[in-house]
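So this block is model-v5.tsv, TSV, C-alpha atoms:
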chain	number	residue	atom	x	y	z
A	1	MET	CA	61.35	-12.20	20.90
A	2	GLY	CA	61.20	-10.98	24.44
A	3	MET	CA	58.80	-11.65	27.25
A	4	GLU	CA	56.50	-8.74	26.35
A	5	PHE	CA	56.20	-10.15	22.83
A	6	LEU	CA	54.93	-13.44	24.29
A	7	ILE	CA	52.51	-11.66	26.64
A	8	ALA	CA	51.07	-9.49	23.83
A	9	ASN	CA	50.73	-12.60	21.67
A	10	ILE	CA	48.82	-14.51	24.36
A	11	ILE	CA	46.53	-11.55	25.18
A	12	VAL	CA	45.62	-10.94	21.55
A	13	LEU	CA	44.95	-14.64	20.92
A	14	ILE	CA	42.73	-14.92	24.01
A	15	LEU	CA	40.79	-11.81	22.93
A	16	THR	CA	40.38	-13.31	19.43
A	17	VAL	CA	38.87	-16.50	20.89
A	18	VAL	CA	36.63	-14.45	23.20
A	19	ALA	CA	35.38	-12.32	20.31
A	20	SER	CA	34.57	-15.38	18.20
A	21	LEU	CA	32.77	-17.01	21.14
A	22	VAL	CA	30.71	-13.83	21.55
A	23	ALA	CA	29.92	-13.90	17.83
A	24	VAL	CA	28.70	-17.49	18.12
A	25	LEU	CA	26.65	-17.01	21.30
A	26	LEU	CA	24.87	-13.73	20.51
A	27	ARG	CA	21.25	-13.94	19.35
A	28	ASP	CA	21.25	-10.45	17.81
A	29	LEU	CA	22.79	-11.02	14.39
A	30	LEU	CA	23.88	-7.39	13.90
A	31	ALA	CA	25.83	-7.51	17.18
A	32	ALA	CA	27.27	-10.86	16.09
A	33	ALA	CA	28.45	-9.27	12.83
A	34	VAL	CA	30.18	-6.50	14.79
A	35	ALA	CA	31.78	-9.14	17.05
A	36	MET	CA	33.05	-10.93	13.94
A	37	ALA	CA	34.54	-7.66	12.70
A	38	ALA	CA	36.28	-7.25	16.07
A	39	MET	CA	37.59	-10.82	15.80
A	40	SER	CA	38.94	-10.07	12.33
A	41	LEU	CA	40.62	-6.88	13.55
A	42	LEU	CA	42.25	-8.71	16.48
A	43	LEU	CA	43.41	-11.43	14.08
A	44	SER	CA	45.02	-8.79	11.86
A	45	LEU	CA	46.73	-7.38	14.96
A	46	GLU	CA	48.03	-10.89	15.67
A	47	PHE	CA	49.38	-11.12	12.11
A	48	PHE	CA	51.11	-7.78	12.65
A	49	ILE	CA	52.68	-9.03	15.89
A	50	LEU	CA	53.91	-12.11	14.01
A	51	GLN	CA	55.64	-9.70	11.54
A	52	ALA	CA	53.44	-10.28	8.50
A	53	PRO	CA	52.14	-6.74	7.77
A	54	ASP	CA	51.08	-7.71	4.24
A	55	VAL	CA	48.67	-10.34	5.54
A	56	ALA	CA	47.56	-7.96	8.30
A	57	ILE	CA	46.49	-5.29	5.78
A	58	ALA	CA	44.68	-7.87	3.65
A	59	GLU	CA	42.90	-9.30	6.72
A	60	ALA	CA	41.88	-5.86	7.97
A	61	GLY	CA	40.59	-4.79	4.56
A	62	VAL	CA	38.73	-7.93	3.55
A	63	GLY	CA	37.81	-9.46	6.90
A	64	ALA	CA	36.94	-6.42	8.96
A	65	CYS	CA	35.40	-4.19	6.28
A	66	LEU	CA	34.12	-6.01	3.21
A	67	SER	CA	32.76	-9.21	4.76
A	68	THR	CA	31.12	-7.18	7.55
A	69	ALA	CA	29.47	-4.93	4.95
A	70	ILE	CA	28.19	-7.97	3.04
A	71	VAL	CA	26.87	-9.61	6.23
A	72	ILE	CA	25.15	-6.37	7.33
A	73	ILE	CA	23.53	-6.01	3.90
A	74	ALA	CA	22.31	-9.62	4.16
A	75	ILE	CA	20.89	-8.95	7.65
A	76	LYS	CA	19.08	-5.87	6.34
A	77	GLY	CA	17.52	-8.04	3.64
A	78	THR	CA	16.31	-10.68	6.12
A	79	LYS	CA	15.59	-10.72	9.89
A	80	ARG	CA	17.75	-9.26	12.60
A	81	THR	CA	17.27	-11.83	15.38
A	82	GLU	CA	18.00	-15.53	15.28
A	83	ASP	CA	15.18	-17.99	15.97
A	84	GLU	CA	15.43	-20.34	18.90
B	85	MET	CA	18.58	-0.76	0.50
B	86	SER	CA	17.75	2.78	1.40
B	87	GLY	CA	20.06	5.36	2.89
B	88	MET	CA	20.85	5.78	6.55
B	89	SER	CA	20.66	8.77	8.91
B	90	LYS	CA	22.32	12.14	8.48
B	91	ILE	CA	24.98	11.35	11.12
B	92	VAL	CA	26.16	8.28	9.20
B	93	LYS	CA	26.17	10.21	5.91
B	94	THR	CA	28.26	13.05	7.36
B	95	SER	CA	30.73	10.61	8.91
B	96	VAL	CA	31.09	8.81	5.59
B	97	ASN	CA	31.55	12.13	3.78
B	98	ILE	CA	34.49	12.89	6.06
B	99	LEU	CA	36.02	9.39	6.08
B	100	PHE	CA	35.63	8.54	2.39
B	101	PRO	CA	38.44	10.79	0.98
B	102	LEU	CA	40.85	9.64	3.70
B	103	THR	CA	40.13	5.99	2.91
B	104	MET	CA	40.62	6.64	-0.80
B	105	ILE	CA	43.95	8.40	-0.23
B	106	PHE	CA	45.22	5.63	2.06
B	107	GLY	CA	44.19	2.87	-0.35
B	108	LEU	CA	45.74	4.58	-3.36
B	109	TYR	CA	48.90	5.18	-1.29
B	110	VAL	CA	49.11	1.46	-0.45
B	111	ILE	CA	48.69	0.60	-4.15
B	112	ALA	CA	51.25	3.15	-5.38
B	113	HIS	CA	53.87	2.27	-2.77
B	114	GLY	CA	53.40	-1.47	-3.22
B	115	HIS	CA	57.03	-2.05	-4.21
B	116	LEU	CA	58.41	-0.16	-1.19
B	117	THR	CA	56.16	-0.77	1.79
B	118	PRO	CA	53.90	-3.64	2.95
B	119	GLY	CA	50.82	-3.94	0.82
B	120	GLY	CA	50.30	-3.86	-2.88
B	121	GLY	CA	47.60	-4.14	-5.47
B	122	PHE	CA	45.30	-6.53	-3.63
B	123	GLN	CA	45.58	-4.91	-0.21
B	124	GLY	CA	45.14	-1.34	-1.48
B	125	GLY	CA	42.30	-2.41	-3.74
B	126	ALA	CA	40.56	-4.03	-0.77
B	127	ILE	CA	40.92	-0.78	1.21
B	128	VAL	CA	39.50	1.33	-1.65
B	129	ALA	CA	36.66	-1.17	-2.13
B	130	SER	CA	35.95	-0.92	1.61
B	131	GLY	CA	35.53	2.85	1.20
B	132	CYS	CA	33.14	2.27	-1.68
B	133	ALA	CA	31.23	-0.30	0.41
B	134	MET	CA	30.95	2.38	3.10
B	135	ILE	CA	29.25	4.64	0.54
B	136	VAL	CA	26.89	1.81	-0.44
B	137	VAL	CA	25.93	1.11	3.19
B	138	ALA	CA	25.40	4.81	4.03
B	139	TYR	CA	23.64	6.09	0.92
B	140	GLY	CA	21.88	2.97	-0.33
B	141	SER	CA	22.43	1.00	-3.49
B	142	LYS	CA	19.75	2.77	-5.52
B	143	TRP	CA	21.53	6.12	-5.11
B	144	VAL	CA	24.87	4.52	-6.07
B	145	PHE	CA	23.29	2.88	-9.12
B	146	LYS	CA	22.12	6.33	-10.23
B	147	GLN	CA	25.67	7.70	-9.99
B	148	ILE	CA	27.66	4.99	-11.77
B	149	ASN	CA	27.21	2.44	-14.52
B	150	GLU	CA	27.82	-1.10	-13.34
B	151	LYS	CA	28.78	-2.26	-16.85
B	152	ARG	CA	31.74	0.12	-16.62
B	153	LEU	CA	32.97	-1.72	-13.51
B	154	SER	CA	33.08	-4.95	-15.52
B	155	THR	CA	35.11	-3.10	-18.16
B	156	PHE	CA	37.52	-1.85	-15.48
B	157	GLU	CA	38.02	-5.39	-14.17
B	158	SER	CA	38.78	-6.62	-17.68
B	159	ILE	CA	41.21	-3.71	-18.18
B	160	GLY	CA	43.06	-4.75	-15.01
B	161	GLY	CA	43.45	-8.37	-16.04
B	162	VAL	CA	44.41	-7.59	-19.63
B	163	GLY	CA	46.90	-4.95	-18.44
B	164	PHE	CA	48.58	-7.41	-16.08
B	165	ILE	CA	49.01	-10.05	-18.80
B	166	THR	CA	50.09	-7.40	-21.32
B	167	VAL	CA	52.89	-6.17	-19.06
B	168	ALA	CA	53.96	-9.78	-18.47
B	169	LEU	CA	54.01	-10.46	-22.24
B	170	LEU	CA	55.98	-7.25	-22.84
B	171	GLY	CA	58.56	-8.81	-20.55
B	172	LEU	CA	58.67	-11.73	-22.99
B	173	VAL	CA	59.24	-9.30	-25.88
B	174	PHE	CA	61.71	-6.78	-24.44
B	175	SER	CA	63.43	-9.09	-21.99
B	176	THR	CA	64.01	-12.83	-22.24
B	177	VAL	CA	61.36	-14.40	-20.06
B	178	PHE	CA	57.67	-14.10	-19.21
B	179	PHE	CA	57.26	-11.51	-16.41
B	180	GLY	CA	60.75	-10.21	-17.26
B	181	ASN	CA	61.49	-6.88	-15.58
B	182	PHE	CA	62.51	-4.91	-18.68
B	183	LEU	CA	62.11	-1.46	-17.10
B	184	ALA	CA	64.45	-1.94	-14.14
B	185	GLY	CA	67.67	0.00	-14.51
B	186	SER	CA	66.66	1.55	-17.84
B	187	ASN	CA	66.20	5.12	-16.48
B	188	LEU	CA	62.75	5.27	-18.05
B	189	LEU	CA	59.42	5.03	-16.18
B	190	PHE	CA	60.12	3.57	-12.71
B	191	GLY	CA	63.55	2.64	-14.03
B	192	THR	CA	66.04	4.24	-11.65
B	193	THR	CA	68.58	1.91	-10.11
B	194	PRO	CA	68.13	2.13	-6.33
B	195	ALA	CA	71.07	3.38	-4.31
B	196	THR	CA	72.83	0.78	-2.23
B	197	GLY	CA	73.21	1.08	1.50
B	198	SER	CA	71.01	2.66	4.11
B	199	THR	CA	69.24	5.36	2.11
B	200	GLY	CA	65.71	6.68	1.92
B	201	ALA	CA	63.24	4.86	-0.27
B	202	ASP	CA	63.19	6.00	-3.91
B	203	PHE	CA	59.69	5.89	-5.39
B	204	ASN	CA	60.94	5.81	-8.96
B	205	THR	CA	62.29	2.26	-8.81
B	206	GLY	CA	60.96	-1.23	-9.26
B	207	GLY	CA	60.57	-1.54	-13.04
B	208	VAL	CA	57.30	-3.19	-13.99
B	209	LEU	CA	56.22	-3.96	-10.41
B	210	PRO	CA	54.31	-0.65	-9.89
B	211	LEU	CA	52.56	-1.10	-13.23
B	212	MET	CA	51.46	-4.60	-12.22
B	213	ASN	CA	50.36	-3.26	-8.84
B	214	PHE	CA	48.21	-0.63	-10.61
B	215	ALA	CA	46.67	-3.32	-12.85
B	216	VAL	CA	45.88	-5.62	-9.91
B	217	GLY	CA	44.55	-2.63	-7.96
B	218	VAL	CA	42.09	-1.64	-10.70
B	219	LYS	CA	40.94	-5.26	-11.02
B	220	VAL	CA	40.45	-5.75	-7.28
B	221	ILE	CA	38.66	-2.39	-6.80
B	222	ALA	CA	36.19	-3.12	-9.60
B	223	GLY	CA	35.65	-6.76	-8.60
B	224	LEU	CA	35.09	-6.29	-4.87
B	225	PHE	CA	32.99	-3.13	-5.36
B	226	VAL	CA	30.70	-4.82	-7.86
B	227	ILE	CA	30.26	-7.77	-5.46
B	228	VAL	CA	29.09	-5.45	-2.64
B	229	LEU	CA	26.97	-3.32	-4.99
B	230	VAL	CA	25.13	-6.25	-6.60
B	231	MET	CA	24.62	-7.87	-3.17
B	232	ALA	CA	23.07	-4.64	-1.82
B	233	TYR	CA	20.90	-4.08	-4.88
B	234	ALA	CA	19.67	-7.69	-5.09
B	235	SER	CA	18.75	-7.76	-1.40
B	236	SER	CA	16.70	-4.56	-1.81
B	237	VAL	CA	14.61	-5.89	-4.68
B	238	LYS	CA	11.41	-7.39	-3.28
B	239	GLU	CA	9.66	-8.52	-6.47
B	240	TRP	CA	11.33	-11.85	-7.10
B	241	ASP	CA	10.88	-13.48	-3.69
B	242	THR	CA	8.00	-15.80	-4.49

Just give me the structure of the file as C-alpha coordinates.
Amino acid sequence: MGMEFLIANIIVLILTVVASLVAVLLRDLLAAAVAMAAMSLLLSLEFFILQAPDVAIAEAGVGACLSTAIVIIAIKGTKRTEDE
Amino acid sequence: MSGMSKIVKTSVNILFPLTMIFGLYVIAHGHLTPGGGFQGGAIVASGCAMIVVAYGSKWVFKQINEKRLSTFESIGGVGFITVALLGLVFSTVFFGNFLAGSNLLFGTTPATGSTGADFNTGGVLPLMNFAVGVKVIAGLFVIVLVMAYASSVKEWDT
(Lines of atoms letter the chains of each structure in order from A and count residues from 1; the text may use other names and numbers.)
(Lines give C-alpha, C1' and ligand atoms only; values in the text may rest on other atoms or scores of the structure.)
Protein backbone atom coordinates (compact mmCIF):
# COMPACT_ATOMS: atom_id res chain seq x y z
CA MET A 1 0.00 0.00 0.00
CA GLY A 2 2.18 2.78 -1.24
CA MET A 3 1.46 6.36 -2.12
CA GLU A 4 0.67 5.59 -5.77
CA PHE A 5 -1.92 3.06 -4.62
CA LEU A 6 -3.67 5.81 -2.64
CA ILE A 7 -3.49 8.26 -5.55
CA ALA A 8 -4.93 5.72 -8.03
CA ASN A 9 -7.67 4.90 -5.54
CA ILE A 10 -8.66 8.56 -5.11
CA ILE A 11 -8.58 9.27 -8.86
CA VAL A 12 -10.74 6.27 -9.73
CA LEU A 13 -13.25 7.08 -6.99
CA ILE A 14 -13.52 10.72 -8.10
CA LEU A 15 -14.05 9.60 -11.71
CA THR A 16 -16.75 7.16 -10.55
CA VAL A 17 -18.63 9.97 -8.78
CA VAL A 18 -18.22 12.24 -11.81
CA ALA A 19 -19.56 9.57 -14.16
CA SER A 20 -22.61 8.95 -11.97
CA LEU A 21 -23.26 12.70 -11.73
CA VAL A 22 -23.11 12.91 -15.53
CA ALA A 23 -25.54 9.99 -15.74
CA VAL A 24 -27.97 11.79 -13.43
CA LEU A 25 -27.71 15.21 -15.10
CA LEU A 26 -27.89 14.23 -18.78
CA ARG A 27 -31.23 14.67 -20.55
CA ASP A 28 -30.37 12.30 -23.39
CA LEU A 29 -31.15 8.88 -21.93
CA LEU A 30 -28.90 6.96 -24.33
CA ALA A 31 -25.92 9.09 -23.30
CA ALA A 32 -26.93 8.58 -19.67
CA ALA A 33 -26.92 4.81 -20.21
CA VAL A 34 -23.40 5.03 -21.65
CA ALA A 35 -22.33 7.16 -18.66
CA MET A 36 -23.74 4.50 -16.34
CA ALA A 37 -21.73 1.86 -18.19
CA ALA A 38 -18.61 4.00 -17.72
CA MET A 39 -19.42 4.33 -14.01
CA SER A 40 -19.76 0.56 -13.75
CA LEU A 41 -16.45 0.02 -15.53
CA LEU A 42 -14.67 2.49 -13.23
CA LEU A 43 -16.24 0.76 -10.22
CA SER A 44 -14.91 -2.59 -11.45
CA LEU A 45 -11.47 -0.96 -11.81
CA GLU A 46 -11.80 0.20 -8.20
CA PHE A 47 -12.64 -3.37 -7.12
CA PHE A 48 -9.55 -4.55 -8.98
CA ILE A 49 -7.38 -1.97 -7.20
CA LEU A 50 -8.81 -3.17 -3.88
CA GLN A 51 -7.62 -6.70 -4.83
CA ALA A 52 -11.00 -8.33 -5.44
CA PRO A 53 -10.67 -9.53 -9.07
CA ASP A 54 -13.63 -11.90 -8.70
CA VAL A 55 -16.00 -9.05 -7.89
CA ALA A 56 -14.37 -6.93 -10.59
CA ILE A 57 -15.15 -9.51 -13.31
CA ALA A 58 -18.73 -9.89 -12.07
CA GLU A 59 -19.21 -6.11 -11.98
CA ALA A 60 -17.76 -5.64 -15.47
CA GLY A 61 -19.88 -8.44 -16.92
CA VAL A 62 -23.20 -7.67 -15.29
CA GLY A 63 -22.96 -3.93 -14.66
CA ALA A 64 -21.20 -2.70 -17.75
CA CYS A 65 -22.60 -5.11 -20.35
CA LEU A 66 -25.89 -6.75 -19.41
CA SER A 67 -27.63 -3.92 -17.56
CA THR A 68 -26.54 -1.46 -20.26
CA ALA A 69 -27.98 -3.76 -22.94
CA ILE A 70 -31.27 -4.01 -21.03
CA VAL A 71 -31.46 -0.23 -20.52
CA ILE A 72 -30.69 0.42 -24.21
CA ILE A 73 -33.39 -2.05 -25.26
CA ALA A 74 -35.84 -0.27 -22.93
CA ILE A 75 -34.89 3.12 -24.42
CA LYS A 76 -35.43 1.76 -27.93
CA GLY A 77 -38.91 0.65 -26.87
CA THR A 78 -39.82 4.07 -25.43
CA LYS A 79 -38.54 7.65 -25.95
CA ARG A 80 -34.94 8.75 -26.10
CA THR A 81 -35.13 12.13 -24.32
CA GLU A 82 -36.36 12.86 -20.84
CA ASP A 83 -39.26 15.29 -20.36
CA GLU A 84 -38.73 18.45 -18.39
CA MET B 1 -36.27 -4.67 -32.23
CA SER B 2 -34.81 -4.62 -35.67
CA GLY B 3 -31.18 -4.98 -36.61
CA MET B 4 -28.61 -2.22 -36.68
CA SER B 5 -26.22 -0.98 -39.38
CA LYS B 6 -23.63 -3.00 -41.25
CA ILE B 7 -20.74 -1.49 -39.24
CA VAL B 8 -22.23 -2.71 -35.96
CA LYS B 9 -22.94 -6.16 -37.42
CA THR B 10 -19.37 -6.55 -38.70
CA SER B 11 -17.90 -5.42 -35.37
CA VAL B 12 -20.10 -7.92 -33.54
CA ASN B 13 -19.10 -10.67 -35.97
CA ILE B 14 -15.46 -10.05 -35.09
CA LEU B 15 -15.95 -9.58 -31.33
CA PHE B 16 -18.43 -12.39 -30.68
CA PRO B 17 -15.98 -15.38 -30.95
CA LEU B 18 -13.41 -13.59 -28.78
CA THR B 19 -16.02 -12.92 -26.10
CA MET B 20 -17.16 -16.54 -26.22
CA ILE B 21 -13.61 -17.85 -25.87
CA PHE B 22 -12.84 -15.52 -22.96
CA GLY B 23 -16.06 -16.40 -21.13
CA LEU B 24 -15.58 -20.14 -21.57
CA TYR B 25 -11.95 -19.74 -20.42
CA VAL B 26 -13.11 -17.98 -17.24
CA ILE B 27 -15.63 -20.78 -16.59
CA ALA B 28 -13.15 -23.60 -17.27
CA HIS B 29 -10.35 -22.09 -15.20
CA GLY B 30 -12.65 -21.18 -12.32
CA HIS B 31 -10.72 -23.27 -9.80
CA LEU B 32 -7.34 -21.74 -10.74
CA THR B 33 -7.84 -18.08 -11.59
CA PRO B 34 -10.28 -15.34 -10.49
CA GLY B 35 -13.73 -15.91 -11.85
CA GLY B 36 -15.88 -18.97 -12.04
CA GLY B 37 -19.28 -20.09 -13.20
CA PHE B 38 -21.19 -16.89 -12.54
CA GLN B 39 -18.57 -14.50 -13.88
CA GLY B 40 -17.86 -16.50 -17.05
CA GLY B 41 -21.55 -17.05 -17.62
CA ALA B 42 -22.14 -13.30 -17.35
CA ILE B 43 -19.40 -12.69 -19.94
CA VAL B 44 -20.87 -15.26 -22.37
CA ALA B 45 -24.37 -13.83 -21.83
CA SER B 46 -22.95 -10.37 -22.58
CA GLY B 47 -21.72 -11.69 -25.94
CA CYS B 48 -25.16 -13.11 -26.65
CA ALA B 49 -26.74 -9.78 -25.65
CA MET B 50 -24.40 -8.13 -28.14
CA ILE B 51 -25.85 -10.38 -30.86
CA VAL B 52 -29.39 -9.47 -29.76
CA VAL B 53 -28.65 -5.73 -29.85
CA ALA B 54 -26.92 -5.89 -33.26
CA TYR B 55 -29.14 -8.31 -35.17
CA GLY B 56 -32.51 -7.78 -33.49
CA SER B 57 -34.55 -10.16 -31.41
CA LYS B 58 -36.70 -11.43 -34.28
CA TRP B 59 -33.63 -12.76 -36.11
CA VAL B 60 -32.37 -14.41 -32.90
CA PHE B 61 -35.78 -15.97 -32.27
CA LYS B 62 -35.60 -17.52 -35.75
CA GLN B 63 -32.21 -19.09 -34.95
CA ILE B 64 -32.86 -20.60 -31.52
CA ASN B 65 -35.72 -22.07 -29.53
CA GLU B 66 -36.33 -20.21 -26.28
CA LYS B 67 -37.88 -23.30 -24.65
CA ARG B 68 -34.47 -24.96 -25.01
CA LEU B 69 -32.89 -22.18 -22.92
CA SER B 70 -35.29 -23.01 -20.09
CA THR B 71 -34.21 -26.64 -20.41
CA PHE B 72 -30.55 -25.61 -20.24
CA GLU B 73 -31.18 -23.61 -17.06
CA SER B 74 -32.90 -26.60 -15.47
CA ILE B 75 -29.99 -28.84 -16.54
CA GLY B 76 -27.56 -26.48 -14.79
CA GLY B 77 -29.46 -26.44 -11.51
CA VAL B 78 -30.13 -30.19 -11.49
CA GLY B 79 -26.48 -30.90 -12.37
CA PHE B 80 -25.23 -28.76 -9.49
CA ILE B 81 -27.46 -30.50 -6.94
CA THR B 82 -26.66 -33.92 -8.45
CA VAL B 83 -22.92 -33.40 -8.03
CA ALA B 84 -23.52 -32.22 -4.45
CA LEU B 85 -25.63 -35.32 -3.70
CA LEU B 86 -22.97 -37.56 -5.27
CA GLY B 87 -20.68 -36.09 -2.64
CA LEU B 88 -23.14 -37.40 -0.04
CA VAL B 89 -22.99 -40.87 -1.65
CA PHE B 90 -19.30 -41.32 -2.44
CA SER B 91 -17.90 -39.15 0.33
CA THR B 92 -19.33 -38.49 3.78
CA VAL B 93 -20.96 -35.09 3.54
CA PHE B 94 -23.13 -33.00 1.22
CA PHE B 95 -20.88 -31.18 -1.28
CA GLY B 96 -18.10 -33.66 -0.40
CA ASN B 97 -15.19 -33.47 -2.84
CA PHE B 98 -15.03 -37.16 -3.80
CA LEU B 99 -12.96 -36.66 -6.97
CA ALA B 100 -10.01 -34.83 -5.40
CA GLY B 101 -6.90 -36.99 -5.23
CA SER B 102 -8.56 -39.96 -6.94
CA ASN B 103 -6.57 -39.66 -10.23
CA LEU B 104 -9.83 -39.74 -12.19
CA LEU B 105 -11.49 -36.75 -13.89
CA PHE B 106 -9.96 -33.56 -12.43
CA GLY B 107 -8.49 -35.76 -9.71
CA THR B 108 -4.75 -35.12 -9.78
CA THR B 109 -3.20 -34.07 -6.51
CA PRO B 110 -1.59 -30.66 -7.09
CA ALA B 111 2.15 -30.41 -6.60
CA THR B 112 3.26 -28.50 -3.55
CA GLY B 113 5.49 -25.48 -3.74
CA SER B 114 5.87 -22.82 -6.38
CA THR B 115 4.84 -24.69 -9.53
CA GLY B 116 2.75 -23.89 -12.56
CA ALA B 117 -0.99 -24.30 -12.31
CA ASP B 118 -2.28 -27.79 -13.13
CA PHE B 119 -5.63 -27.70 -14.90
CA ASN B 120 -6.49 -31.28 -14.00
CA THR B 121 -7.06 -30.61 -10.31
CA GLY B 122 -9.88 -29.44 -8.11
CA GLY B 123 -12.15 -32.50 -7.91
CA VAL B 124 -15.80 -31.57 -8.30
CA LEU B 125 -15.22 -27.79 -8.40
CA PRO B 126 -14.84 -27.59 -12.23
CA LEU B 127 -17.98 -29.69 -12.67
CA MET B 128 -19.92 -27.34 -10.40
CA ASN B 129 -18.47 -24.37 -12.27
CA PHE B 130 -19.70 -25.86 -15.57
CA ALA B 131 -23.17 -26.42 -14.08
CA VAL B 132 -23.40 -22.86 -12.72
CA GLY B 133 -22.04 -21.54 -16.02
CA VAL B 134 -24.74 -23.28 -18.09
CA LYS B 135 -27.43 -22.03 -15.69
CA VAL B 136 -26.19 -18.43 -15.71
CA ILE B 137 -25.73 -18.32 -19.52
CA ALA B 138 -29.25 -19.59 -20.15
CA GLY B 139 -30.86 -17.43 -17.45
CA LEU B 140 -29.24 -14.09 -18.31
CA PHE B 141 -29.57 -14.65 -22.08
CA VAL B 142 -33.26 -15.44 -21.82
CA ILE B 143 -33.78 -12.29 -19.70
CA VAL B 144 -32.20 -10.08 -22.40
CA LEU B 145 -33.93 -11.94 -25.24
CA VAL B 146 -37.43 -11.76 -23.75
CA MET B 147 -36.89 -8.09 -22.82
CA ALA B 148 -35.88 -7.27 -26.42
CA TYR B 149 -38.72 -9.27 -27.96
CA ALA B 150 -41.40 -7.90 -25.61
CA SER B 151 -40.32 -4.30 -26.22
CA SER B 152 -40.55 -4.82 -30.00
CA VAL B 153 -44.12 -6.12 -29.91
CA LYS B 154 -46.50 -3.21 -30.49
CA GLU B 155 -49.87 -4.98 -30.37
CA TRP B 156 -50.48 -5.18 -26.65
CA ASP B 157 -49.91 -1.55 -25.68
CA THR B 158 -53.51 -0.44 -25.30

*CA of Phe190 in chain B and CA of Glu59 in chain A, how far apart in Å?*
29.0 Å

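If all atoms listed in the file are the atoms counted, then among A:Gln51, A:Ser20, A:Thr81, A:Ser40 the closest residue to chain B is A:Gln51.
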
*asked:* Here's a test: counting only C-alpha atoms, identify every protein, DNA and RNA residue with an atom at most 12 Å from (41.5, -4.4, -14.5) in the file's coordinate frame, and state them as a PyMOL selection string.
replied: chain B and resi 121-122+125+152-166+211-224

*Find the residues near Ala58 in chain A: any atom within 10 Å, counting all atoms listed in the file, skip ones fewer than 5 places away on the same chain, and give them as a PyMOL selection string.*
(chain A and resi 44+53+63-64) or (chain B and resi 119-120+122-127)

*Give as a PyMOL selection string every residue of chain A that touches chain B within 10 Å, counting all atoms listed in the file.*
chain A and resi 52-78

Write to file, as a short mmCIF file (atom, residue, chain, number, x, y, z; two decimals), in the coordinates of the input, the residues of the selection just made, with C-alpha atoms.
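And here's selection_4.cif as it stands now:
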data_model
loop_
_atom_site.label_atom_id
_atom_site.label_comp_id
_atom_site.auth_asym_id
_atom_site.auth_seq_id
_atom_site.Cartn_x
_atom_site.Cartn_y
_atom_site.Cartn_z
CA ALA A 52 53.44 -10.28 8.50
CA PRO A 53 52.14 -6.74 7.77
CA ASP A 54 51.08 -7.71 4.24
CA VAL A 55 48.67 -10.34 5.54
CA ALA A 56 47.56 -7.96 8.30
CA ILE A 57 46.49 -5.29 5.78
CA ALA A 58 44.68 -7.87 3.65
CA GLU A 59 42.90 -9.30 6.72
CA ALA A 60 41.88 -5.86 7.97
CA GLY A 61 40.59 -4.79 4.56
CA VAL A 62 38.73 -7.93 3.55
CA GLY A 63 37.81 -9.46 6.90
CA ALA A 64 36.94 -6.42 8.96
CA CYS A 65 35.40 -4.19 6.28
CA LEU A 66 34.12 -6.01 3.21
CA SER A 67 32.76 -9.21 4.76
CA THR A 68 31.12 -7.18 7.55
CA ALA A 69 29.47 -4.93 4.95
CA ILE A 70 28.19 -7.97 3.04
CA VAL A 71 26.87 -9.61 6.23
CA ILE A 72 25.15 -6.37 7.33
CA ILE A 73 23.53 -6.01 3.90
CA ALA A 74 22.31 -9.62 4.16
CA ILE A 75 20.89 -8.95 7.65
CA LYS A 76 19.08 -5.87 6.34
CA GLY A 77 17.52 -8.04 3.64
CA THR A 78 16.31 -10.68 6.12
#

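What separates CA of Leu50 in chain A from CA of Asn9 in chain A is a distance of 8.3 Å.
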
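Here CA of Met3 in chain A and CA of Met39 in chain A stand 24.1 Å from one another.
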
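Near Val92 in chain B, within 9 Å and counting all atoms listed in the file, sit B:Asn97, B:Ala138, B:Tyr139, not including residues fewer than 5 positions from it in the same chain.
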
*Exercise: Leu45 in chain A partners within 8 Å, all atoms listed in the file, chain neighbours under 4 positions left out, as a ChimeraX atom specification*: /A:12,41,49,56

*Might you pull out every residue within 10 Å of Leu13 in chain A, with all atoms listed in the file counted and same-chain residues fewer than 5 positions away left off, and present them as a PyMOL selection string?*
chain A and resi 7-8+18-19+39+42-43+45-46

As a CSV table (one decimal), keeping the file's coordinate frame, please: range 114-125 of chain B completed to N, CA and C atoms.
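The resulting part_3.csv:
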chain,number,residue,atom,x,y,z
B,114,GLY,N,53.4,0.0,-3.4
B,114,GLY,CA,53.4,-1.5,-3.2
B,114,GLY,C,54.8,-2.1,-3.3
B,115,HIS,N,55.7,-1.5,-4.1
B,115,HIS,CA,57.0,-2.0,-4.2
B,115,HIS,C,58.0,-1.6,-3.1
B,116,LEU,N,57.5,-0.7,-2.2
B,116,LEU,CA,58.4,-0.2,-1.2
B,116,LEU,C,58.0,-0.6,0.2
B,117,THR,N,56.7,-0.5,0.5
B,117,THR,CA,56.2,-0.8,1.8
B,117,THR,C,55.2,-2.0,1.8
B,118,PRO,N,54.9,-2.5,2.9
B,118,PRO,CA,53.9,-3.6,3.0
B,118,PRO,C,52.6,-3.3,2.3
B,119,GLY,N,52.0,-4.2,1.6
B,119,GLY,CA,50.8,-3.9,0.8
B,119,GLY,C,51.1,-4.0,-0.7
B,120,GLY,N,50.1,-3.8,-1.4
B,120,GLY,CA,50.3,-3.9,-2.9
B,120,GLY,C,49.0,-3.7,-3.5
B,121,GLY,N,48.8,-4.3,-4.7
B,121,GLY,CA,47.6,-4.1,-5.5
B,121,GLY,C,46.4,-4.7,-4.8
B,122,PHE,N,46.5,-5.9,-4.2
B,122,PHE,CA,45.3,-6.5,-3.6
B,122,PHE,C,44.9,-5.8,-2.3
B,123,GLN,N,45.9,-5.5,-1.5
B,123,GLN,CA,45.6,-4.9,-0.2
B,123,GLN,C,45.0,-3.5,-0.4
B,124,GLY,N,45.6,-2.7,-1.2
B,124,GLY,CA,45.1,-1.3,-1.5
B,124,GLY,C,43.8,-1.4,-2.2
B,125,GLY,N,43.6,-2.3,-3.1
B,125,GLY,CA,42.3,-2.4,-3.7
B,125,GLY,C,41.2,-2.8,-2.8
